[in-house]
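Data file: upload-v4.tsv. Format and content: TSV, C-alpha atoms and all ligand atoms.
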chain	number	residue	atom	x	y	z
K	1	MET	CA	0.00	0.00	0.00
K	2	ALA	CA	1.38	3.46	-0.88
K	3	ALA	CA	2.34	5.67	2.10
K	4	ALA	CA	-0.17	8.36	3.07
K	5	ASN	CA	2.49	11.03	3.55
K	6	PRO	CA	3.49	12.70	0.24
K	7	VAL	CA	7.15	12.93	1.30
K	8	ALA	CA	7.28	9.18	2.04
K	9	ARG	CA	5.48	8.53	-1.28
K	10	HIS	CA	8.15	10.51	-3.11
K	11	TYR	CA	10.96	8.42	-1.62
K	12	GLY	CA	9.49	4.94	-1.21
K	13	SER	CA	9.72	2.06	-3.68
K	14	ALA	CA	9.90	-1.72	-3.52
K	15	ARG	CA	12.93	-3.94	-2.82
K	16	ILE	CA	15.46	-1.17	-2.18
K	17	ALA	CA	17.86	-3.32	-0.12
K	18	GLU	CA	17.79	-6.05	-2.79
K	19	ARG	CA	18.67	-3.49	-5.46
K	20	VAL	CA	21.52	-2.05	-3.36
K	21	LEU	CA	22.93	-5.51	-2.67
K	22	ALA	CA	22.59	-6.53	-6.35
K	23	ALA	CA	24.57	-3.43	-7.38
K	24	PHE	CA	27.20	-4.21	-4.73
K	25	HIS	CA	27.63	-7.81	-5.94
K	26	ARG	CA	27.74	-6.73	-9.60
K	27	GLN	CA	30.69	-4.48	-8.72
K	28	HIS	CA	32.53	-6.70	-6.24
K	29	GLY	CA	31.56	-10.25	-7.21
K	30	ALA	CA	28.86	-12.64	-6.07
K	31	ASP	CA	30.85	-13.91	-3.08
K	32	ALA	CA	32.16	-10.57	-1.82
K	33	ALA	CA	31.54	-9.89	1.88
K	34	VAL	CA	29.10	-7.00	2.37
K	35	THR	CA	30.85	-4.39	4.52
K	36	VAL	CA	29.93	-0.92	5.73
K	37	GLU	CA	32.76	0.60	3.69
K	38	GLY	CA	31.94	-1.46	0.61
K	39	LEU	CA	28.30	-0.30	0.67
K	40	ALA	CA	29.15	3.37	1.22
K	41	PRO	CA	28.92	4.50	-2.44
K	42	LEU	CA	25.46	2.87	-2.63
K	43	ASP	CA	23.73	3.79	0.64
K	44	GLN	CA	24.45	7.49	1.31
K	45	PHE	CA	21.55	9.40	-0.19
K	46	HIS	CA	22.75	13.03	-0.26
K	47	GLY	CA	25.04	15.28	-2.30
K	48	ARG	CA	28.76	14.33	-2.10
K	49	GLY	CA	27.94	10.91	-0.60
K	50	VAL	CA	30.24	9.48	2.06
K	51	LEU	CA	32.60	12.45	1.71
K	52	ALA	CA	29.86	14.69	3.15
K	53	THR	CA	29.18	12.17	5.94
K	54	THR	CA	32.87	12.13	6.85
K	55	GLU	CA	32.85	15.94	6.94
K	56	LEU	CA	29.73	16.10	9.09
K	57	ALA	CA	31.20	13.50	11.47
K	58	ALA	CA	34.38	15.60	11.75
K	59	LEU	CA	32.17	18.49	12.92
K	60	LEU	CA	30.20	16.29	15.34
K	61	ARG	CA	33.23	14.36	16.69
K	62	PRO	CA	31.38	11.29	18.00
K	63	ARG	CA	33.12	9.46	20.85
K	64	ALA	CA	33.20	5.69	21.42
K	65	GLY	CA	30.14	4.49	23.34
K	66	GLU	CA	28.09	7.65	22.74
K	67	ARG	CA	24.39	7.42	21.86
K	68	LEU	CA	23.66	9.23	18.58
K	69	LEU	CA	20.38	10.05	16.86
K	70	ASP	CA	20.14	10.23	13.04
K	71	ILE	CA	17.06	12.26	12.10
K	72	GLY	CA	15.82	11.20	8.66
K	73	SER	CA	18.17	8.22	8.45
K	74	GLY	CA	17.19	7.12	4.93
K	75	ILE	CA	18.44	3.62	4.09
K	76	GLY	CA	20.90	3.85	6.99
K	77	GLY	CA	24.21	4.48	5.20
K	78	PRO	CA	25.35	7.43	7.35
K	79	ALA	CA	24.21	5.66	10.58
K	80	ARG	CA	26.18	2.49	9.73
K	81	TRP	CA	29.24	4.51	8.69
K	82	ILE	CA	29.33	6.64	11.84
K	83	ALA	CA	28.55	3.72	14.20
K	84	PHE	CA	31.28	1.63	12.54
K	85	LYS	CA	33.97	4.33	12.35
K	86	PHE	CA	33.41	5.79	15.83
K	87	ALA	CA	32.28	2.70	17.79
K	88	CYS	CA	29.09	4.41	18.95
K	89	ARG	CA	25.41	3.43	18.89
K	90	VAL	CA	23.11	5.14	16.42
K	91	THR	CA	19.31	5.27	16.43
K	92	GLY	CA	17.87	6.28	13.07
K	93	VAL	CA	14.36	7.71	12.71
K	94	ASP	CA	12.76	7.96	9.27
K	95	LEU	CA	9.33	8.64	7.85
K	96	THR	CA	9.55	6.38	4.78
K	97	PRO	CA	8.57	2.77	5.58
K	98	GLU	CA	10.46	1.31	2.60
K	99	PHE	CA	13.63	3.14	3.69
K	100	CYS	CA	13.32	1.77	7.24
K	101	ALA	CA	12.89	-1.76	5.88
K	102	ALA	CA	15.92	-1.32	3.60
K	103	ALA	CA	18.00	0.14	6.45
K	104	ARG	CA	17.22	-2.85	8.69
K	105	ALA	CA	18.04	-5.34	5.92
K	106	LEU	CA	21.36	-3.59	5.18
K	107	ASN	CA	22.18	-3.43	8.92
K	108	ALA	CA	21.72	-7.20	8.99
K	109	ALA	CA	23.79	-7.71	5.81
K	110	THR	CA	26.71	-5.72	7.31
K	111	GLY	CA	26.48	-7.16	10.85
K	112	MET	CA	25.45	-3.78	12.32
K	113	THR	CA	22.13	-4.66	13.98
K	114	GLU	CA	23.56	-4.29	17.50
K	115	GLN	CA	24.99	-0.84	16.87
K	116	VAL	CA	22.28	0.66	14.64
K	117	THR	CA	18.56	0.69	15.49
K	118	ILE	CA	15.95	1.99	13.06
K	119	ILE	CA	12.58	3.41	14.14
K	120	GLU	CA	9.88	4.42	11.67
K	121	GLY	CA	8.52	7.80	12.72
K	122	SER	CA	8.45	11.54	12.18
K	123	ALA	CA	11.13	14.08	12.94
K	124	LEU	CA	8.27	16.32	14.09
K	125	ALA	CA	7.25	13.88	16.87
K	126	LEU	CA	10.45	11.93	17.47
K	127	PRO	CA	9.60	8.50	18.95
K	128	VAL	CA	12.40	8.81	21.54
K	129	PRO	CA	12.53	9.92	25.19
K	130	ASP	CA	13.67	13.37	26.34
K	131	SER	CA	17.44	13.94	26.76
K	132	ALA	CA	18.24	10.42	25.50
K	133	PHE	CA	21.13	11.26	23.15
K	134	ASP	CA	24.65	12.66	23.49
K	135	ALA	CA	24.63	13.90	19.92
K	136	ALA	CA	22.41	13.99	16.84
K	137	TYR	CA	22.76	14.72	13.16
K	138	SER	CA	20.54	15.14	10.14
K	139	GLN	CA	21.72	15.05	6.55
K	140	ASN	CA	19.65	16.60	3.76
K	141	VAL	CA	16.27	16.19	5.45
K	142	ILE	CA	15.19	19.70	6.52
K	143	MET	CA	14.35	20.55	2.88
K	144	ASN	CA	11.26	18.32	3.30
K	145	ILE	CA	10.15	19.96	6.55
K	146	ALA	CA	7.63	22.83	6.51
K	147	ASP	CA	7.63	23.40	10.29
K	148	LYS	CA	11.36	23.84	10.83
K	149	GLN	CA	11.04	25.31	14.31
K	150	LEU	CA	9.23	22.12	15.44
K	151	PHE	CA	12.00	20.02	13.83
K	152	TYR	CA	14.68	21.89	15.82
K	153	ARG	CA	12.64	21.83	19.05
K	154	GLU	CA	12.26	18.04	18.75
K	155	ALA	CA	16.00	17.61	18.17
K	156	TRP	CA	16.64	19.84	21.22
K	157	ARG	CA	14.26	17.71	23.34
K	158	ALA	CA	15.99	14.46	22.34
K	159	LEU	CA	19.47	15.75	23.28
K	160	ARG	CA	20.92	15.76	26.78
K	161	PRO	CA	22.09	19.15	28.11
K	162	GLY	CA	25.38	19.90	26.39
K	163	GLY	CA	24.42	17.62	23.46
K	164	ARG	CA	25.60	18.47	19.91
K	165	LEU	CA	23.61	18.56	16.67
K	166	ALA	CA	25.30	18.51	13.24
K	167	LEU	CA	23.27	19.41	10.16
K	168	SER	CA	23.68	19.43	6.43
K	169	ASN	CA	20.92	21.18	4.59
K	170	VAL	CA	19.99	22.56	1.20
K	171	CYS	CA	18.90	26.17	1.68
K	172	ALA	CA	17.13	28.66	-0.55
K	173	GLY	CA	19.32	30.73	-2.88
K	174	PRO	CA	18.58	34.32	-3.89
K	175	GLU	CA	17.42	33.52	-7.45
K	176	GLY	CA	14.08	31.77	-6.84
K	177	GLU	CA	12.72	28.22	-6.60
K	178	PRO	CA	14.84	25.17	-7.56
K	179	TYR	CA	14.20	23.57	-10.95
K	180	PHE	CA	11.87	20.64	-10.19
K	181	PRO	CA	12.00	17.68	-9.99
K	182	VAL	CA	15.00	17.50	-7.64
K	183	PRO	CA	16.11	14.42	-5.66
K	184	TRP	CA	14.23	15.54	-2.50
K	185	ALA	CA	10.95	16.57	-4.16
K	186	ALA	CA	9.14	16.12	-7.47
K	187	THR	CA	7.36	19.47	-7.09
K	188	GLY	CA	7.32	22.50	-4.80
K	189	ASP	CA	4.56	20.84	-2.72
K	190	THR	CA	7.09	18.92	-0.60
K	191	SER	CA	10.12	21.24	-0.84
K	192	PHE	CA	10.51	23.86	1.88
K	193	LEU	CA	13.78	25.74	1.61
K	194	ALA	CA	14.77	28.33	4.21
K	195	THR	CA	17.54	30.84	3.58
K	196	PRO	CA	20.75	30.28	5.60
K	197	GLN	CA	19.80	33.32	7.70
K	198	GLU	CA	16.36	31.82	8.47
K	199	MET	CA	17.98	28.48	9.34
K	200	ARG	CA	20.30	30.19	11.83
K	201	ALA	CA	17.44	32.17	13.35
K	202	ASP	CA	15.24	29.04	13.73
K	203	LEU	CA	18.09	27.18	15.48
K	204	VAL	CA	18.64	30.04	17.90
K	205	ALA	CA	14.87	30.33	18.53
K	206	ALA	CA	14.82	26.61	19.46
K	207	GLY	CA	17.47	27.27	22.13
K	208	PHE	CA	20.66	26.12	20.36
K	209	GLU	CA	24.04	27.83	20.51
K	210	ILE	CA	25.71	28.01	17.08
K	211	ALA	CA	29.23	26.54	17.17
K	212	ASP	CA	29.88	26.44	13.42
K	213	PHE	CA	27.87	27.49	10.36
K	214	ARG	CA	29.44	27.14	6.92
K	215	ASP	CA	28.50	27.37	3.26
K	216	THR	CA	29.43	24.15	1.39
K	217	THR	CA	27.99	25.13	-2.01
K	218	ALA	CA	31.36	25.37	-3.79
K	219	ALA	CA	32.41	21.85	-2.73
K	220	LEU	CA	29.05	20.44	-3.87
K	221	LEU	CA	29.23	22.22	-7.24
K	222	GLN	CA	32.71	20.83	-7.90
K	223	ILE	CA	31.55	17.23	-7.40
K	224	GLN	CA	28.29	17.77	-9.32
K	225	ARG	CA	30.18	19.27	-12.29
K	226	GLN	CA	32.63	16.35	-12.36
K	227	SER	CA	29.71	13.90	-12.48
K	228	ARG	CA	28.04	15.90	-15.27
K	229	GLU	CA	31.23	15.91	-17.35
K	230	ARG	CA	31.58	12.17	-16.91
K	231	LEU	CA	27.89	11.61	-17.76
K	232	GLN	CA	28.19	13.76	-20.88
K	233	SER	CA	31.38	11.99	-21.99
K	234	GLY	CA	29.26	8.83	-22.29
K	235	GLU	CA	31.42	7.07	-19.67
K	236	GLN	CA	29.51	4.29	-17.92
K	237	LEU	CA	29.40	5.41	-14.27
K	238	PRO	CA	28.92	3.03	-11.35
K	239	PRO	CA	25.55	3.73	-9.70
K	240	VAL	CA	25.24	5.77	-6.50
K	241	ALA	CA	22.45	5.65	-3.89
K	242	ALA	CA	20.33	8.23	-5.75
K	243	ASP	CA	20.39	6.13	-8.96
K	244	ILE	CA	19.21	3.02	-7.11
K	245	ILE	CA	16.57	4.78	-4.99
K	246	LEU	CA	15.16	7.15	-7.64
K	247	GLY	CA	15.54	4.81	-10.65
K	248	THR	CA	14.69	6.35	-14.00
K	249	ARG	CA	13.94	9.73	-12.35
K	250	ALA	CA	17.48	10.03	-10.95
K	251	ARG	CA	19.29	11.59	-13.88
K	252	GLU	CA	16.85	14.47	-14.50
K	253	MET	CA	16.69	15.16	-10.75
K	254	GLN	CA	20.47	15.21	-10.37
K	255	ILE	CA	20.89	17.55	-13.35
K	256	ASN	CA	18.18	19.86	-11.96
K	257	SER	CA	19.94	19.85	-8.61
K	258	LEU	CA	23.18	20.94	-10.29
K	259	ARG	CA	21.41	23.64	-12.35
K	260	SER	CA	19.67	24.92	-9.22
K	261	THR	CA	23.01	25.26	-7.44
K	262	GLU	CA	24.73	26.85	-10.45
K	263	ASP	CA	21.93	29.41	-10.86
K	264	ALA	CA	21.95	30.35	-7.14
K	265	ARG	CA	18.47	28.88	-6.56
K	266	THR	CA	19.90	26.64	-3.82
K	267	THR	CA	22.87	26.83	-1.47
K	268	SER	CA	24.29	24.15	0.84
K	269	VAL	CA	25.02	24.59	4.51
K	270	GLU	CA	26.70	22.55	7.24
K	271	ALA	CA	26.25	23.52	10.87
K	272	LEU	CA	27.19	22.39	14.35
K	273	VAL	CA	25.02	23.62	17.21
K	274	ARG	CA	24.79	22.82	20.95
K	275	LYS	CA	22.06	22.49	23.53
K	276	PRO	CA	23.35	24.55	26.45
K	277	ALA	CA	24.73	22.46	29.32
K	301	LIG	C1	17.50	12.93	0.87
K	301	LIG	S1	17.01	11.70	2.02
K	301	LIG	C2	18.45	11.64	3.10
K	301	LIG	C3	18.54	10.33	3.84
K	301	LIG	C4	19.75	10.19	4.76
K	301	LIG	N1	19.82	11.27	5.71
K	301	LIG	C5	21.04	10.15	3.96
K	301	LIG	O1	21.74	11.16	3.93
K	301	LIG	O2	21.35	9.09	3.40
K	301	LIG	C6	15.81	12.54	3.04
K	301	LIG	C7	15.26	11.65	4.12
K	301	LIG	O3	14.45	12.40	5.02
K	301	LIG	C8	13.36	11.61	5.43
K	301	LIG	N2	12.32	12.51	5.94
K	301	LIG	C9	11.73	13.53	5.30
K	301	LIG	N3	10.81	14.13	6.11
K	301	LIG	C10	10.85	13.46	7.29
K	301	LIG	C11	10.16	13.60	8.52
K	301	LIG	N4	9.20	14.52	8.71
K	301	LIG	N5	10.45	12.75	9.51
K	301	LIG	C12	11.39	11.78	9.36
K	301	LIG	N6	12.08	11.60	8.20
K	301	LIG	C13	11.82	12.43	7.19
K	301	LIG	C14	12.96	10.88	4.16
K	301	LIG	O4	12.17	9.76	4.40
K	301	LIG	C15	14.34	10.54	3.61
K	301	LIG	O5	14.80	9.34	4.14

Using the file provided, produce a representation of the structure as structure tokens.
Amino acid sequence: MAAANPVARHYGSARIAERVLAAFHRQHGADAAVTVEGLAPLDQFHGRGVLATTELAALLRPRAGERLLDIGSGIGGPARWIAFKFACRVTGVDLTPEFCAAARALNAATGMTEQVTIIEGSALALPVPDSAFDAAYSQNVIMNIADKQLFYREAWRALRPGGRLALSNVCAGPEGEPYFPVPWAATGDTSFLATPQEMRADLVAAGFEIADFRDTTAALLQIQRQSRERLQSGEQLPPVAADIILGTRAREMQINSLRSTEDARTTSVEALVRKPA
């Protein structure tokens, strides 16, 4: 049955884990062991892939044994990567049932079920207790959220005093709406972009202290342009998470995403904020 929520309907499709694993085995051989690092090109569903996750983790600096929350965890790539690299425990919450099912199947395939737990639910009513996490992060999710202040208040509630929150987000650029469809939304009905200034103000209004706030648009453009050149050269590229998840829609969406960045209709931001101790 199709999901009732239009955001979940945009993302969801059948047999995602099977498609990810099939792509992995095509590249590495039928008998190859499925590892967190081996899956990384195929399970990180955001611009700049695992490179962006590594960068966000460098901002967040997870410590061994910490409890982390991944808000909008997708098919679980970032949660597995961070849990594996930093020996911490990650709880992922995501709205899209098919993504939660895929995340659980890929946790099992990589032996990460102890360290990574997936809960289906909304970022706007996080199904977790107050003050339960040392740190949280959210990668490329806030673009789908209309009520951003509620999103930040829920993240604040889930963190212990002194807890950190790292964010990557696509923000509104000065030159108007993105060119739709983009990977996070087929139309403007489920895309809600704030300007970087509005994002900062919403975080402060929710009670966070800003520790770092940076524009990552140039780094994203560089990677997007390299992929476009390779696509246009006719070179057969190995698939990435977006290709597997979005299927035949992926190429148009990725090109629109690049055009939107080039034409200053979107900008990219990374931030680290803290709940006061
Ligand atoms: C572009 S994907 C990013 C997934 C993941 N963070 C990653 O980087 O691989 C956006 C994700 O946000 C989730 N999402 C959007 N709105 C949500 C909400 N209100 N509550 C929970 N998850 C949400 C979607 O289901 C989707 O998994």

Please, which residues in chain K fall within 6 Å of ligand LIG 301 (chain K) when counting all atoms listed in the file, and what is the closest atom pair and distance in Å to one decimal for each, ordered by chain then residue number, as a Markdown table?
| residue | atom | partner | partner_atom | distance |
| --- | --- | --- | --- | --- |
| K:Ala8 | CA | K:LIG301 | O4 | 5.5 |
| K:Gln44 | CA | K:LIG301 | O2 | 4.1 |
| K:Phe45 | CA | K:LIG301 | O2 | 3.6 |
| K:His46 | CA | K:LIG301 | O1 | 4.7 |
| K:Gly72 | CA | K:LIG301 | N6 | 3.8 |
| K:Ser73 | CA | K:LIG301 | N1 | 4.4 |
| K:Gly74 | CA | K:LIG301 | O5 | 3.4 |
| K:Gly77 | CA | K:LIG301 | O2 | 5.7 |
| K:Pro78 | CA | K:LIG301 | O2 | 5.9 |
| K:Asp94 | CA | K:LIG301 | N6 | 3.9 |
| K:Leu95 | CA | K:LIG301 | C12 | 4.0 |
| K:Thr96 | CA | K:LIG301 | O4 | 4.3 |
| K:Gly121 | CA | K:LIG301 | C12 | 5.9 |
| K:Ser122 | CA | K:LIG301 | N5 | 3.5 |
| K:Ala123 | CA | K:LIG301 | N5 | 3.7 |
| K:Leu124 | CA | K:LIG301 | N4 | 5.7 |
| K:Ser138 | CA | K:LIG301 | N1 | 5.9 |
| K:Gln139 | CA | K:LIG301 | N1 | 4.3 |
| K:Asn140 | CA | K:LIG301 | C1 | 5.1 |
| K:Val141 | CA | K:LIG301 | O3 | 4.2 |
| K:Asn144 | CA | K:LIG301 | N3 | 5.1 |
| K:Ile145 | CA | K:LIG301 | N3 | 5.9 |
| K:Trp184 | CA | K:LIG301 | C1 | 5.4 |

Could you check how far CA of Ala105 (chain K) sits from CA of Ser13 (chain K), in Å to one decimal?
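Result for CA of Ala105 (chain K) versus CA of Ser13 (chain K): 14.7 Å, one decimal.
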
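Atom pair CA of Leu106 (chain K) / CA of Glu55 (chain K): separated by 22.7 Å.
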
In Å to one decimal, how far is CA of Val93 (chain K) from CA of Ile119 (chain K)?
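CA of Ile119 (chain K) sits 4.9 Å away from CA of Val93 (chain K).
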
Compile the contact shell of Glu262 (chain K) as an NGL selection string: residues with an atom at most 10 Å away, counting all atoms listed in the file, same-chain residues fewer than 6 positions apart removed.
:K and (217-218 or 221 or 224-225 or 256)

Requested write-out: C-alpha atoms of the selected residues, as a CSV table (one decimal), in the coordinates of the input:
chain,number,residue,atom,x,y,z
K,217,THR,CA,28.0,25.1,-2.0
K,218,ALA,CA,31.4,25.4,-3.8
K,221,LEU,CA,29.2,22.2,-7.2
K,224,GLN,CA,28.3,17.8,-9.3
K,225,ARG,CA,30.2,19.3,-12.3
K,256,ASN,CA,18.2,19.9,-12.0

Residues of region 37-138 of chain K that approach region 165-176 of chain K to 9 Å or less, counting only C-alpha atoms: could you list each one with the shortest pair of atoms and its distance in Å to one decimal, rows by chain and increasing residue number, as a tab-separated table?
residue	atom	partner	partner_atom	distance
K:Ala52	CA	K:Ser168	CA	8.5
K:Leu56	CA	K:Ala166	CA	6.5
K:Ala57	CA	K:Ala166	CA	7.9
K:Leu59	CA	K:Ala166	CA	6.9
K:Leu60	CA	K:Ala166	CA	5.8
K:Ala135	CA	K:Leu165	CA	5.8
K:Ala136	CA	K:Leu165	CA	4.7
K:Tyr137	CA	K:Ala166	CA	4.6
K:Ser138	CA	K:Leu167	CA	5.1

List as a ChimeraX atom specification the protein and nucleic acid residues near Arg228 (chain K), meaning an atom at most 10 Å away when all atoms listed in the file are counted, but skip any in the same chain fewer than 2 places from it.
/K:223-226,230-233,251,254-255,258

With all atoms listed in the file as the counted atoms, please give the residues lying no more than 12 Å from region 148-159 of chain K, apart from itself and same-chain residues fewer than 4 positions off, as a PyMOL selection string.
chain K and resi 66-72+91+93+122-138+141-144+163-167+169+192-195+198-209+273-277

Quick one: contact table of region 111-229 of chain K to region 240-243 of chain K, 12 Å max, nearest atom pair and distance in Å to one decimal per residue, counting only C-alpha atoms, chain and number order, as CSV?
residue,atom,partner,partner_atom,distance
K:Val182,CA,K:Ala242,CA,10.9
K:Pro183,CA,K:Ala242,CA,7.5
K:Trp184,CA,K:Ala242,CA,10.1
K:Ser227,CA,K:Val240,CA,11.0

Could you tell me which of K:Gly12, K:Gly29, K:Gly247, K:Gly47 comes closest to Ile75 (chain K) if we count only C-alpha atoms?
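Nearest candidate to Ile75 (chain K) out of K:Gly12, K:Gly29, K:Gly247, K:Gly47: K:Gly12.
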